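Comments concern the structure below.
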Amino acid sequence: MKLLELTDVTIQFQRDEQTITPVEGVSFDVKEGETVCLVGESGSGKSVTSLGVMRLVEFEGGTISAGDIKYQGESLLAKSKEEMRAMRGKDIAMIFQEPMTALNPVVSIGDQIVEAISLHTELTKAQAKERAIKLLGSVGISEAKRRFSQYPHELSGGMRQRVVIAMALSCDPKLLIADEPTTALDVTIEAQILALLENLKKEMNMSIVFITHDMGVAAEIADRIIVMYAGKIVEDGDVYEMFEDPLHPYTLGLLGSIPDVNEDRSKPLLSIPGAIPAQSDMPVGCRFNPRCAFATEQCVQQEPPLLAVGDRKVACWNYEDVQKAKPTEEVI
């Protein structure tokens with residue numbers, strides 16, 4: 001069953017009399033118990049898409065100008081601000097990228113979790129405190145009773161991230177959105193957080209939308225990967241198929257930039273030339289064409305639709321040529 005469904009979603013912002021469209025025509029769904037990873041470089045539209053699902057773009061002057069977002073079959077765009085406020089944290093929760101800014105520095109971590117629990121449940125303050133301490137233990141924080149009274153600055157980055165996860169899970173949401181939750185952590189803590197999320201997902205039968213720019217992290221946690229570029233989806237498919245047989249040149253480039261421990265370390269890492277285009281200078285045709293070694297005249301003139309290729313989707317006129325290629329310097 002589809003828990004979340006986005007259909008042709010476009011998100012716009014007004015900046016100095018200019019309309020900025022960081023997300024355009026995005027469509028995908030998330031099934032119950034599924035982990036979907038949104039991947040791509042900074043500026044691809046991943047975080048804005050997730051904020052659109054929570055309808056938090058409205059607090060930053062943004063609007064969902066087209067399309068629809070459904071949760072359990074009901075349109076979130078048709079709900080009032082009060083209804084959305086009641087859903088955030090209870091039905092759909094979010095882990096933000098930087099825990100130090102997500103936590104209030106002058107309120108103890110325990111009181112912050114208790115506040116979230118009290119807002120969405122009828123538990124007494126004592127019951128909410130007991131649940132908060134249990135949650136802190138469940139996310140791997142030792143001495144949870146003592147940590148309950150501590151403040152964010154007294155904890156390490158990894159522990160703060162665990163607190164944010166505990167807060168997000170405090171009301172047993174069915175959908176968890178994790179916006180690059182491991183970016184600021186070292187690789188050891190990153191592995192622990194990914195394992196924790198995977199275990200909690202199974203225990204709670206929860207769905208996860210995981211945002212990352214790291215294909216290695218996506219391989220670790222995803223059931224399905226959605227590759228975004230310049231505000232659009234360019235590839236959508238099963239994690240195993242995408243790593244074995246990428247269909248889009250951008251996906252090929254992302255995979256080619258992953259270090260291989262078996263390769264000669266004296267060789268430089270591969271990189272995709274250029275950068276994501278600015279909103280004011282979006283190319284005609286395929287948005288990736290200025291950086292693409294497979295680009296033809298058709299790519300420069302016509303924007304490719306998101307085509308179904310078996311169980312997958314790809315927005316590329318030349319995906320058959322990409323299938324024959326390998327992530328080497330020649331094709332990137």
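The chains in the structure tokens are called A, B, ... from first to last as shown; in each chain the residues are counted from 1, and the ligands are counted from 1 in the order shown.
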
Write out as a PyMOL selection string all residues of stretch 131-285 of chain A that backbone DSSP assigns to alpha helix (DSSP H).
-> chain A and resi 131-138+144-147+157-168+187-204+215-221+239-244+249-256

Which residues, written as number ranges by chain, have at least one atom at most 8 Å from stretch 23-35 of chain A, with only C-alpha atoms counted and residues fewer than 6 positions away on the same chain left out?
-> A: 1-12, 45, 48-49, 66-67, 201-202, 205-210, 221-224, 230-233

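Using only C-alpha atoms, the nearest neighbour of A:Glu244 within the list A:Ala325, A:Ser156, A:Met94, A:Cys292 is A:Ala325.
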
So which residues of stretch 256-326 of chain A fall under strand (DSSP E) by DSSP, listed as a PDB file with C-alpha atoms, in the first residue's frame?
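Written file, part_33.pdb:
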ATOM      1  CA  LEU A 307      10.106   7.055 -19.127  1.00  0.00           C
ATOM      2  CA  ALA A 308       9.252   3.629 -17.714  1.00  0.00           C
ATOM      3  CA  VAL A 309      11.991   1.071 -18.436  1.00  0.00           C
ATOM      4  CA  ARG A 312      12.343   1.552 -13.319  1.00  0.00           C
ATOM      5  CA  LYS A 313      12.054   5.104 -14.614  1.00  0.00           C
ATOM      6  CA  VAL A 314      14.627   7.304 -16.343  1.00  0.00           C
TER       7      VAL A 314
END

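Excluding A:Thr296 itself and any same-chain residue fewer than 3 positions from it, the protein and nucleic acid residues within 12 Å of it, counting only C-alpha atoms, are Gly285, Cys286, Phe288, Asn289, Pro290, Arg291, Cys292, Ala293, Cys299, Val300, Gln301, Gln302, Glu303, Pro304, Cys316, Trp317, Asn318 and Asp321 of chain A.
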
Give me, please, the distance in Å between atom CA of A:Tyr319 and atom CA of A:Met282, quoted to one decimal.
-> 21.8 Å

Considering only C-alpha atoms, return as a PDB file with C-alpha atoms, in the first residue's frame whatever protein or nucleic-acid residues lie within 9 Å of A:Gly110, sequence-local ones (same chain, fewer than 3 positions apart) excluded.
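To be explicit, this is the file written out as part-v5.pdb:
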ATOM      1  CA  VAL A 107      16.051  23.591  27.260  1.00  0.00           C
ATOM      2  CA  ILE A 113      11.233  15.197  24.058  1.00  0.00           C
ATOM      3  CA  VAL A 114       8.515  15.437  26.740  1.00  0.00           C
ATOM      4  CA  GLU A 115       7.100  18.516  24.994  1.00  0.00           C
ATOM      5  CA  LYS A 129       9.092  11.538  31.115  1.00  0.00           C
ATOM      6  CA  ALA A 132      11.324   9.920  26.940  1.00  0.00           C
ATOM      7  CA  ILE A 133      13.905   8.098  29.080  1.00  0.00           C
ATOM      8  CA  LEU A 136      16.789   7.742  24.851  1.00  0.00           C
ATOM      9  CA  LYS A 145      18.108   9.000  33.192  1.00  0.00           C
ATOM     10  CA  ARG A 147      21.195  12.398  30.080  1.00  0.00           C
ATOM     11  CA  PHE A 148      17.524  13.382  30.361  1.00  0.00           C
ATOM     12  CA  SER A 149      18.468  16.491  32.370  1.00  0.00           C
ATOM     13  CA  GLN A 150      21.442  17.507  30.244  1.00  0.00           C
ATOM     14  CA  TYR A 151      21.549  20.261  27.619  1.00  0.00           C
ATOM     15  CA  VAL A 163      18.372  12.737  20.673  1.00  0.00           C
TER      16      VAL A 163
END

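Between atom CA of A:Leu197 and atom CA of A:Leu51 there is a distance of 20.1 Å.
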
What does the distance between atom CA of A:Ser75 and atom CA of A:Pro22 come to in Å, to one decimal place?
-> 21.6 Å

Might you pull out every residue within 10 Å of A:Thr212, with only C-alpha atoms counted and same-chain residues fewer than 5 positions away left off, and present them as a PyMOL selection string?
-> chain A and resi 37-42+46-47+97+178-183+217-218

Do a neighbour search on A:Pro105 at 10 Å with only C-alpha atoms, toss out local chain neighbours closer than 5 positions, and write the hits as a PDB file with C-alpha atoms, in the first residue's frame.
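Written out: around.pdb:
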ATOM      1  CA  MET A 100      22.597  21.553  17.123  1.00  0.00           C
ATOM      2  CA  TYR A 151      21.549  20.261  27.619  1.00  0.00           C
ATOM      3  CA  PRO A 152      22.523  19.880  23.925  1.00  0.00           C
ATOM      4  CA  HIS A 153      25.952  21.475  24.378  1.00  0.00           C
ATOM      5  CA  GLU A 154      26.856  18.781  26.934  1.00  0.00           C
TER       6      GLU A 154
END
